[in-house]
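Structure file structure00.txt with compact mmCIF, C-alpha atoms:
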```txt
# COMPACT_ATOMS: atom_id res chain seq x y z
CA MET N 244 36.00 34.19 137.85
CA ARG N 245 34.66 31.87 135.31
CA ILE N 246 36.20 32.27 131.87
CA ARG N 247 33.28 32.46 129.62
CA LYS N 248 33.74 30.91 126.27
CA ARG N 249 33.95 33.79 123.86
CA LYS N 250 31.32 33.72 121.25
CA ILE N 251 33.01 34.23 117.90
CA PRO N 252 30.97 36.55 115.77
CA GLU N 253 29.83 35.20 112.44
CA ILE N 254 31.11 36.67 109.21
CA ASN N 255 28.69 39.30 108.04
CA SER N 256 27.27 37.95 104.78
CA SER N 257 24.99 40.83 103.98
CA SER N 258 27.24 41.90 101.11
CA SER N 259 27.13 38.56 99.28
CA ALA N 260 24.03 39.78 97.51
CA ASP N 261 25.98 42.77 96.23
CA ILE N 262 28.73 40.53 94.87
CA ALA N 263 26.15 38.37 93.16
CA PHE N 264 24.50 41.44 91.59
CA LEU N 265 27.86 42.58 90.29
CA LEU N 266 28.60 39.28 88.61
CA LEU N 267 25.10 39.15 87.17
CA ILE N 268 25.42 42.60 85.63
CA PHE N 269 28.80 41.66 84.19
CA PHE N 270 27.33 38.63 82.46
CA LEU N 271 24.29 40.53 81.24
CA ILE N 272 26.47 43.08 79.53
CA THR N 273 29.14 40.92 78.00
CA THR N 274 27.16 37.99 76.69
CA SER N 275 24.55 37.48 74.05
CA MET N 276 22.07 34.76 73.27
CA ASP N 277 23.00 34.19 69.66
CA PRO N 278 21.19 31.60 67.63
CA GLU N 279 23.83 29.14 66.62
CA LYS N 280 21.63 26.78 64.68
CA GLY N 281 21.43 26.60 60.96
CA ILE N 282 21.59 24.56 57.81
CA TYR N 283 24.84 22.86 56.89
CA ARG N 284 25.70 22.74 53.21
CA ARG N 285 28.64 21.54 51.23
CA LEU N 286 29.76 23.71 48.32
CA PRO N 287 31.21 22.17 45.19
CA PRO N 288 34.90 22.87 44.62
CA ALA N 289 35.79 25.89 42.56
CA VAL N 290 36.02 25.54 38.84
CA SER N 291 38.98 27.39 37.37
CA LYS N 292 38.01 30.04 34.88
CA GLU N 293 39.89 28.45 32.01
CA ALA N 294 38.40 25.02 32.38
CA VAL N 295 35.49 24.45 30.09
CA ARG N 296 32.39 23.94 32.12
CA GLU N 297 31.06 20.64 30.93
CA LYS N 298 27.40 20.44 30.42
CA MET N 299 26.03 17.71 32.59
CA ASP N 300 24.49 14.99 30.52
CA VAL N 301 21.31 14.49 32.41
CA ARG N 302 18.22 12.93 30.99
CA GLU N 303 15.10 14.98 31.10
CA ARG N 304 13.33 12.61 33.45
CA ASN N 305 16.18 12.74 35.99
CA LEU N 306 16.12 16.50 36.27
CA MET N 307 13.95 18.76 38.40
CA THR N 308 14.46 22.49 38.04
CA ILE N 309 13.40 24.87 40.75
CA SER N 310 13.64 28.56 39.86
CA ILE N 311 13.41 31.59 42.08
CA ASP N 312 12.54 34.80 40.25
CA ALA N 313 13.35 38.39 41.12
CA ASP N 314 10.00 38.80 42.83
CA ASN N 315 10.56 35.73 44.97
CA THR N 316 8.11 33.47 43.17
CA VAL N 317 9.15 29.85 43.17
CA SER N 318 8.57 27.70 40.11
CA CYS N 319 9.11 23.99 39.79
CA ASN N 320 9.76 22.76 36.25
CA ASP N 321 8.47 26.08 34.95
CA GLU N 322 5.17 25.91 36.78
CA LYS N 323 4.53 28.36 39.56
CA THR N 324 4.37 26.50 42.88
CA ASP N 325 3.63 27.51 46.40
CA ILE N 326 6.54 26.93 48.74
CA ARG N 327 4.57 24.42 50.77
CA GLU N 328 3.99 22.24 47.73
CA LEU N 329 7.74 21.91 47.17
CA LYS N 330 8.26 19.23 49.77
CA PRO N 331 5.70 16.70 48.49
CA LEU N 332 6.79 17.37 44.90
CA ALA N 333 10.42 16.83 45.83
CA LYS N 334 9.63 13.68 47.78
CA GLU N 335 7.74 12.23 44.86
CA PHE N 336 10.58 13.14 42.50
CA ILE N 337 13.35 11.68 44.65
CA ALA N 338 11.59 8.50 45.67
CA ASN N 339 9.61 7.75 42.50
CA PRO N 340 7.60 5.13 44.37
CA ASP N 341 5.49 3.97 41.45
CA ASP N 342 8.32 3.93 38.90
CA GLU N 343 6.67 6.47 36.64
CA PRO N 344 8.40 7.00 33.29
CA PHE N 345 8.60 10.80 33.63
CA LEU N 346 10.24 10.63 37.06
CA PRO N 347 13.87 9.61 37.63
CA GLU N 348 14.91 6.15 36.60
CA LYS N 349 15.50 3.62 39.32
CA VAL N 350 18.60 1.48 39.63
CA SER N 351 18.72 -1.68 41.67
CA GLU N 352 21.68 -2.29 43.92
CA GLU N 353 22.61 -4.68 46.62
CA PHE N 354 23.17 -3.28 50.10
CA GLU N 355 24.35 -5.28 53.05
CA GLY N 356 21.82 -5.67 55.76
CA ILE N 357 18.81 -4.98 53.57
CA GLY N 358 19.21 -6.71 50.26
CA THR N 359 18.39 -5.24 46.89
CA VAL N 360 16.97 -1.75 46.82
CA SER N 361 15.98 0.17 43.74
CA TYR N 362 16.51 3.89 44.08
CA THR N 363 16.87 6.92 41.89
CA LYS N 364 20.61 6.97 41.56
CA ASN N 365 20.87 9.68 38.94
CA HIS N 366 18.36 12.25 40.06
CA VAL N 367 19.44 15.88 40.13
CA ILE N 368 17.62 18.90 41.52
CA VAL N 369 18.81 22.15 40.00
CA LEU N 370 18.24 25.53 41.62
CA ARG N 371 18.23 28.55 39.36
CA ILE N 372 18.28 31.65 41.46
CA ASN N 373 17.79 35.17 40.18
CA ASP N 374 20.31 37.65 41.56
CA ASN N 375 17.60 39.96 42.87
CA SER N 376 15.64 37.47 44.88
CA ASP N 377 15.76 37.55 48.67
CA TYR N 378 17.96 35.34 50.79
CA GLN N 379 14.93 34.29 52.83
CA THR N 380 13.36 32.67 49.77
CA TYR N 381 16.54 30.76 49.04
CA ILE N 382 16.73 29.48 52.62
CA SER N 383 13.05 28.48 52.55
CA VAL N 384 13.58 26.48 49.36
CA GLN N 385 16.70 24.80 50.76
CA ASN N 386 14.76 24.10 53.94
CA GLU N 387 11.94 22.35 52.08
CA LEU N 388 14.36 20.26 50.03
CA ILE N 389 16.33 19.17 53.07
CA ALA N 390 13.09 18.40 54.89
CA ALA N 391 12.06 16.24 51.92
CA TYR N 392 15.33 14.29 52.04
CA ASP N 393 15.16 13.92 55.81
CA GLU N 394 11.62 12.60 55.74
CA LEU N 395 12.41 10.13 52.98
CA ARG N 396 15.49 8.93 54.84
CA ASN N 397 13.54 8.58 58.05
CA GLU N 398 10.69 6.68 56.44
CA PHE N 399 13.13 4.32 54.77
CA SER N 400 15.07 3.76 58.02
CA GLN N 401 11.85 2.97 59.85
CA LYS N 402 10.84 0.47 57.19
CA ALA N 403 14.20 -1.22 56.71
CA PHE N 404 15.89 -0.99 60.10
CA LYS N 405 12.97 -0.21 62.42
CA GLU N 406 14.89 2.74 63.84
CA SER N 407 14.76 6.44 63.16
CA PHE N 408 17.54 7.86 61.02
CA GLN N 409 19.10 9.87 63.83
CA ASN N 410 19.46 6.92 66.15
CA MET N 411 21.24 4.57 63.78
CA ASN N 412 24.93 3.87 63.80
CA ASP N 413 27.18 5.38 61.16
CA GLU N 414 27.33 2.45 58.73
CA LYS N 415 23.58 2.25 58.45
CA LYS N 416 23.39 6.01 58.10
CA GLU N 417 25.89 5.79 55.22
CA ILE N 418 23.73 3.22 53.49
CA VAL N 419 20.62 5.37 53.77
CA ARG N 420 22.60 8.40 52.63
CA LYS N 421 23.67 6.48 49.56
CA ILE N 422 20.10 5.56 48.77
CA PHE N 423 18.89 9.13 49.16
CA PRO N 424 21.88 11.32 48.30
CA GLN N 425 21.38 15.06 48.47
CA LYS N 426 21.97 16.04 44.87
CA ILE N 427 21.15 19.71 44.75
CA ALA N 428 23.01 21.77 42.15
CA GLU N 429 22.95 25.56 41.98
CA GLN N 430 23.16 27.40 38.73
CA GLU N 431 24.28 30.93 38.57
CA GLY N 432 22.55 34.04 37.42
CA GLY N 433 19.21 33.31 35.93
CA GLY N 434 19.56 32.30 32.36
CA GLU N 435 23.28 32.16 31.83
CA THR N 436 24.13 29.39 29.43
CA PRO N 437 27.58 27.90 29.92
CA MET R 16 6.50 37.39 137.35
CA SER R 17 9.63 39.33 136.86
CA ARG R 18 10.53 37.08 133.98
CA PHE R 19 7.78 38.45 131.82
CA ARG R 20 8.36 41.97 130.84
CA LYS R 21 5.58 44.20 129.74
CA THR R 22 6.22 44.32 126.06
CA GLU R 23 7.74 47.46 124.71
CA ALA R 24 6.60 48.83 121.40
CA ARG R 25 6.01 45.80 119.21
CA GLU R 26 7.71 45.98 115.88
CA VAL R 27 6.72 44.20 112.77
CA PRO R 28 9.72 41.99 112.08
CA SER R 29 11.64 42.97 108.98
CA LEU R 30 11.84 40.69 106.00
CA ASN R 31 14.43 38.00 106.22
CA THR R 32 16.66 38.60 103.24
CA ALA R 33 19.07 35.81 104.00
CA SER R 34 18.01 33.95 100.84
CA LEU R 35 18.32 36.89 98.45
CA PRO R 36 21.87 35.93 97.39
CA ASP R 37 20.60 32.47 96.54
CA LEU R 38 18.02 33.90 94.16
CA ILE R 39 20.64 36.08 92.52
CA PHE R 40 23.03 33.16 92.15
CA THR R 41 20.29 31.19 90.45
CA LEU R 42 19.79 33.97 87.89
CA LEU R 43 23.53 34.20 87.46
CA PHE R 44 23.93 30.50 86.74
CA PHE R 45 21.10 30.70 84.26
CA PHE R 46 22.88 33.44 82.34
CA MET R 47 26.22 31.69 82.52
CA ILE R 48 24.83 28.54 81.00
CA VAL R 49 22.44 29.89 78.41
CA THR R 50 24.56 32.62 76.89
CA ASN R 51 28.00 32.75 75.37
CA LEU R 52 30.53 35.50 75.68
CA ARG R 53 30.30 37.93 72.81
CA GLU R 54 33.60 37.93 71.03
CA VAL R 55 32.97 40.29 68.17
CA ASP R 56 31.75 43.82 67.89
CA LEU R 57 28.79 43.65 65.58
CA LYS R 58 29.11 46.29 62.93
CA VAL R 59 26.23 45.21 60.75
CA GLN R 60 22.60 44.72 61.61
CA TYR R 61 21.06 41.49 60.51
CA LYS R 62 18.01 39.38 61.10
CA VAL R 63 18.51 35.79 60.13
CA PRO R 64 15.83 34.05 58.05
CA ASP R 65 13.69 31.27 59.48
CA ALA R 66 13.81 27.59 58.69
CA THR R 67 12.86 24.33 60.32
CA GLU R 68 15.67 21.90 59.52
CA LEU R 69 18.28 23.26 61.87
CA GLN R 70 21.45 21.75 63.23
CA LYS R 71 23.71 23.08 65.92
CA LEU R 72 27.01 24.56 64.92
CA GLU R 73 29.72 22.15 66.02
CA ASN R 74 33.41 22.62 66.67
CA LYS R 75 33.37 26.30 67.36
CA SER R 76 37.14 26.49 67.17
CA LEU R 77 37.07 25.75 63.45
CA VAL R 78 34.46 28.35 62.64
CA THR R 79 34.87 31.73 60.99
CA TYR R 80 31.87 34.02 61.18
CA ILE R 81 30.73 36.13 58.29
CA TYR R 82 28.03 38.73 58.92
CA VAL R 83 26.25 40.42 56.05
CA GLY R 84 23.81 43.25 56.45
CA LYS R 85 23.34 47.00 56.61
CA PRO R 86 25.94 48.74 58.79
CA GLU R 87 25.13 49.89 62.32
CA LYS R 88 24.30 53.56 62.88
CA GLN R 89 27.74 54.64 63.99
CA TYR R 90 29.40 53.16 60.93
CA GLN R 91 26.91 54.54 58.47
CA GLU R 92 28.78 57.80 58.01
CA GLU R 93 31.89 55.92 56.93
CA VAL R 94 30.52 53.30 54.62
CA GLY R 95 27.09 54.51 53.62
CA THR R 96 23.98 52.44 53.84
CA ASN R 97 24.77 49.65 51.40
CA VAL R 98 24.96 46.14 52.60
CA CYS R 99 28.43 45.21 53.83
CA ILE R 100 30.29 42.15 54.86
CA GLN R 101 32.01 41.62 58.19
CA ILE R 102 34.40 38.73 58.82
CA ASN R 103 34.94 38.09 62.54
CA ASP R 104 35.31 41.72 63.54
CA VAL R 105 36.47 43.59 60.45
CA LEU R 106 34.40 45.09 57.68
CA VAL R 107 35.71 43.75 54.40
CA SER R 108 34.96 44.10 50.75
CA LEU R 109 34.08 41.20 48.49
CA ALA R 110 37.53 40.89 46.96
CA ASP R 111 39.27 40.69 50.34
CA ILE R 112 37.37 37.63 51.46
CA PRO R 113 39.92 35.03 50.26
CA VAL R 114 42.72 36.96 51.97
CA TYR R 115 40.96 37.01 55.31
CA LEU R 116 39.96 33.39 55.01
CA GLU R 117 43.58 32.44 54.45
CA MET R 118 44.52 34.38 57.56
CA GLU R 119 41.89 32.51 59.52
CA ARG R 120 43.02 29.22 58.09
CA ALA R 121 46.59 29.94 59.17
CA ARG R 122 45.37 30.03 62.75
CA LEU R 123 44.18 26.44 62.62
CA ARG R 124 46.24 23.35 63.25
CA PRO R 125 47.58 21.61 60.10
CA ASP R 126 45.22 18.68 60.27
CA ASP R 127 42.25 20.96 60.85
CA LYS R 128 42.92 23.18 57.88
CA ASP R 129 40.56 21.45 55.52
CA LYS R 130 37.79 21.18 58.08
CA MET R 131 37.28 24.88 58.26
CA VAL R 132 33.66 25.90 58.51
CA VAL R 133 32.18 29.27 57.71
CA SER R 134 29.05 30.36 59.53
CA LEU R 135 27.03 32.76 57.41
CA LYS R 136 24.81 35.15 59.32
CA ILE R 137 23.09 36.99 56.53
CA ASP R 138 20.17 39.35 56.86
CA LYS R 139 17.12 37.83 55.28
CA ASP R 140 16.54 40.72 52.88
CA VAL R 141 19.96 40.59 51.26
CA LYS R 142 19.81 39.93 47.53
CA MET R 143 21.01 36.59 46.26
CA GLY R 144 23.52 38.18 43.89
CA LEU R 145 25.73 39.14 46.83
CA VAL R 146 25.27 35.76 48.50
CA ARG R 147 26.27 34.06 45.28
CA ASP R 148 29.41 36.19 45.03
CA ILE R 149 30.35 35.40 48.60
CA LYS R 150 29.91 31.70 47.93
CA GLU R 151 32.12 32.00 44.85
CA MET R 152 34.84 33.55 46.99
CA LEU R 153 34.47 30.77 49.53
CA ARG R 154 34.84 28.15 46.82
CA GLU R 155 37.94 29.89 45.54
CA SER R 156 39.54 29.70 48.97
CA SER R 157 38.58 26.02 49.22
CA VAL R 158 36.30 26.56 52.16
CA LEU R 159 33.55 24.16 51.25
CA THR R 160 31.52 23.63 54.39
CA VAL R 161 29.09 26.42 55.07
CA HIS R 162 26.48 26.83 57.76
CA TYR R 163 23.57 29.13 56.99
CA VAL R 164 22.31 30.46 60.30
CA ALA R 165 18.56 30.61 60.73
CA ILE R 166 16.04 30.63 63.54
CA LYS R 167 13.28 28.13 63.96
CA SER R 168 10.05 29.25 62.39
CA GLU R 169 6.71 28.54 63.99
CA ASN R 170 5.38 26.24 61.30
```
Could you express the structure from this file as structure tokens?
Amino acid sequence: MRIRKRKIPEINSSSSADIAFLLLIFFLITTSMDPEKGIYRRLPPAVSKEAVREKMDVRERNLMTISIDADNTVSCNDEKTDIRELKPLAKEFIANPDDEPFLPEKVSEEFEGIGTVSYTKNHVIVLRINDNSDYQTYISVQNELIAAYDELRNEFSQKAFKESFQNMNDEKKEIVRKIFPQKIAEQEGGGETP
Amino acid sequence: MSRFRKTEAREVPSLNTASLPDLIFTLLFFFMIVTNLREVDLKVQYKVPDATELQKLENKSLVTYIYVGKPEKQYQEEVGTNVCIQINDVLVSLADIPVYLEMERARLRPDDKDKMVVSLKIDKDVKMGLVRDIKEMLRESSVLTVHYVAIKSEN
């Protein structure tokens, strides 16, 4: 009698599909695809109620006012503007390439690695937002302003360092950030005089 | 000739489903990687605005989420249909915001306390008056880094 080698039966894997379905349904129910991207902003520190709010001494030429009215119309320096015109207007204001007298004054400073650069050190963009305007308008305006700063920074990085702004190391990024600082101030209400 | 049997009724062979689990596992891995586990019960409905200059939210452990919008159907009987504010998973009123933020801050490690970030998920039709008030409360609690959540617009 020859002892036949017993053939061991394989494990039945027909139920692995069921297990996979179960896990899939679990994940479908308990997770969500949330958008986690957005715009980072830094708020100014709180001013205590008793402290006198000092009026910023800003020269007319260094100031650009963007207002959002209750019906979501955007005005730049009291002229109605379309939202798409904001970015080129802001870029021209911040960079002041031709050193116009009604645009911010330029200050020359020495920076290591590039030499002397003249930039608009004292420019300020003020946002006056009416309380009844929509949040979407506010975000669109912030978006255009940040896009303006990003494009200016990128163009400058390409010219001075031959790299794009994102790819530079931190010291160079700091230098470009100093040349194009994001100076956006927000005023409350719409017409409240401090 | 006895080796070849006259064929019995020929059957069409059934589909080989041996690779079905592989397909399902592929879908499963997709969902595991692309999504994140929902940690909060959303009590307000919101649709974030669109923007183009977007950055990813970093350091999720330091983030507190604030949702602002109209309440979901099942909460409408309790709070009405006005816009409300939800911090993490509780509906709060404007004046309670600093209190809750302090509670959140207490959860962080001492050297992380000033790096707290607030992610604002605000419905795009909310009026700016409320947003301004919320920002005032944030400034009062010394939470200065905010992240306005938006989705990428087509243009």
Shell of 10 Å around stretch 158-170 of chain R, all atoms listed in the file, local chain residues under 4 positions omitted, as a count of residues only: 49
When you get a sec, could you note down which chain N residues fall within 9 Å of chain R, using only C-alpha atoms, as a compact mmCIF listing (two decimals) with C-alpha atoms, in the frame of the given file?
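selection.txt, written as the output of this step:
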```txt
# COMPACT_ATOMS: atom_id res chain seq x y z
CA SER N 256 27.27 37.95 104.78
CA SER N 257 24.99 40.83 103.98
CA SER N 258 27.24 41.90 101.11
CA SER N 259 27.13 38.56 99.28
CA ALA N 260 24.03 39.78 97.51
CA ASP N 261 25.98 42.77 96.23
CA ILE N 262 28.73 40.53 94.87
CA ALA N 263 26.15 38.37 93.16
CA PHE N 264 24.50 41.44 91.59
CA LEU N 266 28.60 39.28 88.61
CA LEU N 267 25.10 39.15 87.17
CA ILE N 268 25.42 42.60 85.63
CA PHE N 270 27.33 38.63 82.46
CA LEU N 271 24.29 40.53 81.24
CA THR N 273 29.14 40.92 78.00
CA THR N 274 27.16 37.99 76.69
CA SER N 275 24.55 37.48 74.05
CA MET N 276 22.07 34.76 73.27
CA ASP N 277 23.00 34.19 69.66
CA PRO N 278 21.19 31.60 67.63
CA GLU N 279 23.83 29.14 66.62
CA LYS N 280 21.63 26.78 64.68
CA GLY N 281 21.43 26.60 60.96
CA ILE N 282 21.59 24.56 57.81
CA TYR N 283 24.84 22.86 56.89
CA ARG N 284 25.70 22.74 53.21
CA ARG N 285 28.64 21.54 51.23
CA LEU N 286 29.76 23.71 48.32
CA PRO N 287 31.21 22.17 45.19
CA PRO N 288 34.90 22.87 44.62
CA ALA N 289 35.79 25.89 42.56
CA VAL N 290 36.02 25.54 38.84
CA SER N 291 38.98 27.39 37.37
CA ILE N 372 18.28 31.65 41.46
CA ASN N 373 17.79 35.17 40.18
CA ASP N 374 20.31 37.65 41.56
CA ASN N 375 17.60 39.96 42.87
CA SER N 376 15.64 37.47 44.88
CA ASP N 377 15.76 37.55 48.67
CA TYR N 378 17.96 35.34 50.79
CA GLN N 379 14.93 34.29 52.83
CA THR N 380 13.36 32.67 49.77
CA TYR N 381 16.54 30.76 49.04
CA ILE N 382 16.73 29.48 52.62
CA SER N 383 13.05 28.48 52.55
CA GLN N 385 16.70 24.80 50.76
CA ASN N 386 14.76 24.10 53.94
CA GLU N 387 11.94 22.35 52.08
CA ILE N 389 16.33 19.17 53.07
CA ALA N 390 13.09 18.40 54.89
CA ASP N 393 15.16 13.92 55.81
CA GLU N 431 24.28 30.93 38.57
CA GLY N 432 22.55 34.04 37.42
```
Which of these residues is nearest to R:Ser108, using all atoms listed in the file: R:Pro125, R:Tyr82, R:Glu87, R:Tyr61?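 Distance minimum relative to R:Ser108 lands on R:Tyr82.
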Might you pull out every residue within 12 Å of N:Arg396, with all atoms listed in the file counted and same-chain residues fewer than 6 positions away left off, and present them as a short mmCIF file (atom, residue, chain, number, x, y, z; two decimals) with C-alpha atoms, in the coordinates of the input?
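Wrote out.cif, looks like this:
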```cif
data_model
loop_
_atom_site.label_atom_id
_atom_site.label_comp_id
_atom_site.auth_asym_id
_atom_site.auth_seq_id
_atom_site.Cartn_x
_atom_site.Cartn_y
_atom_site.Cartn_z
CA LYS N 334 9.63 13.68 47.78
CA ILE N 337 13.35 11.68 44.65
CA ALA N 338 11.59 8.50 45.67
CA TYR N 362 16.51 3.89 44.08
CA ILE N 389 16.33 19.17 53.07
CA ALA N 390 13.09 18.40 54.89
CA LYS N 402 10.84 0.47 57.19
CA ALA N 403 14.20 -1.22 56.71
CA PHE N 404 15.89 -0.99 60.10
CA GLU N 406 14.89 2.74 63.84
CA SER N 407 14.76 6.44 63.16
CA PHE N 408 17.54 7.86 61.02
CA GLN N 409 19.10 9.87 63.83
CA MET N 411 21.24 4.57 63.78
CA LYS N 415 23.58 2.25 58.45
CA LYS N 416 23.39 6.01 58.10
CA GLU N 417 25.89 5.79 55.22
CA ILE N 418 23.73 3.22 53.49
CA VAL N 419 20.62 5.37 53.77
CA ARG N 420 22.60 8.40 52.63
CA LYS N 421 23.67 6.48 49.56
CA ILE N 422 20.10 5.56 48.77
CA PHE N 423 18.89 9.13 49.16
CA PRO N 424 21.88 11.32 48.30
CA GLN N 425 21.38 15.06 48.47
#
```
Quick one: everything within 9 Å of N:Ile427, counting all atoms listed in the file, minus sequence neighbours fewer than 5 positions away in the same chain. Send it as a tab-separated table (two decimals) with C-alpha atoms, in the coordinates of the input.
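That gives us around10.tsv:
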```tsv
chain	number	residue	atom	x	y	z
N	367	VAL	CA	19.44	15.88	40.13
N	368	ILE	CA	17.62	18.90	41.52
N	369	VAL	CA	18.81	22.15	40.00
N	370	LEU	CA	18.24	25.53	41.62
N	388	LEU	CA	14.36	20.26	50.03
```
For stretch 317-328 of chain N: contacts at 8 Å, all atoms listed in the file, fewer than 3 positions along chain excluded, given as a VMD selection string: chain N and resid 307 to 312 331 to 332 383 to 384 387
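For the pair atom CA of N:Glu414 and atom CA of N:Glu429, the interatomic distance is 28.9 Å.
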What's the separation between atom CA of N:Ala428 and atom CA of R:Asn74, in Å to one decimal place?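 About the pair atom CA of N:Ala428 and atom CA of R:Asn74: they are 26.6 Å apart.
Computed from the coordinates, the atom CA of R:Ser29 to atom CA of N:Arg249 distance equals 28.3 Å.
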Stretch 378-390 of chain N rebuilt with N, CA and C atoms, output as a tab-separated table (two decimals), in the coordinates of the input:
```tsv
chain	number	residue	atom	x	y	z
N	378	TYR	N	17.28	36.46	50.13
N	378	TYR	CA	17.96	35.34	50.79
N	378	TYR	C	16.97	34.46	51.53
N	379	GLN	N	15.92	35.08	52.07
N	379	GLN	CA	14.93	34.29	52.83
N	379	GLN	C	14.29	33.24	51.93
N	380	THR	N	13.99	33.63	50.68
N	380	THR	CA	13.36	32.67	49.77
N	380	THR	C	14.29	31.48	49.51
N	381	TYR	N	15.56	31.81	49.30
N	381	TYR	CA	16.54	30.76	49.04
N	381	TYR	C	16.60	29.79	50.21
N	382	ILE	N	16.65	30.35	51.44
N	382	ILE	CA	16.73	29.48	52.62
N	382	ILE	C	15.46	28.65	52.74
N	383	SER	N	14.30	29.26	52.44
N	383	SER	CA	13.05	28.48	52.55
N	383	SER	C	13.06	27.32	51.57
N	384	VAL	N	13.55	27.57	50.35
N	384	VAL	CA	13.58	26.48	49.36
N	384	VAL	C	14.53	25.39	49.83
N	385	GLN	N	15.73	25.79	50.27
N	385	GLN	CA	16.70	24.80	50.76
N	385	GLN	C	16.10	24.01	51.92
N	386	ASN	N	15.38	24.73	52.79
N	386	ASN	CA	14.76	24.10	53.94
N	386	ASN	C	13.79	23.01	53.51
N	387	GLU	N	12.93	23.35	52.52
N	387	GLU	CA	11.94	22.35	52.08
N	387	GLU	C	12.62	21.15	51.47
N	388	LEU	N	13.68	21.39	50.67
N	388	LEU	CA	14.36	20.26	50.03
N	388	LEU	C	15.02	19.37	51.06
N	389	ILE	N	15.68	19.99	52.04
N	389	ILE	CA	16.33	19.17	53.07
N	389	ILE	C	15.30	18.43	53.89
N	390	ALA	N	14.15	19.09	54.15
N	390	ALA	CA	13.09	18.40	54.89
N	390	ALA	C	12.60	17.20	54.10
```
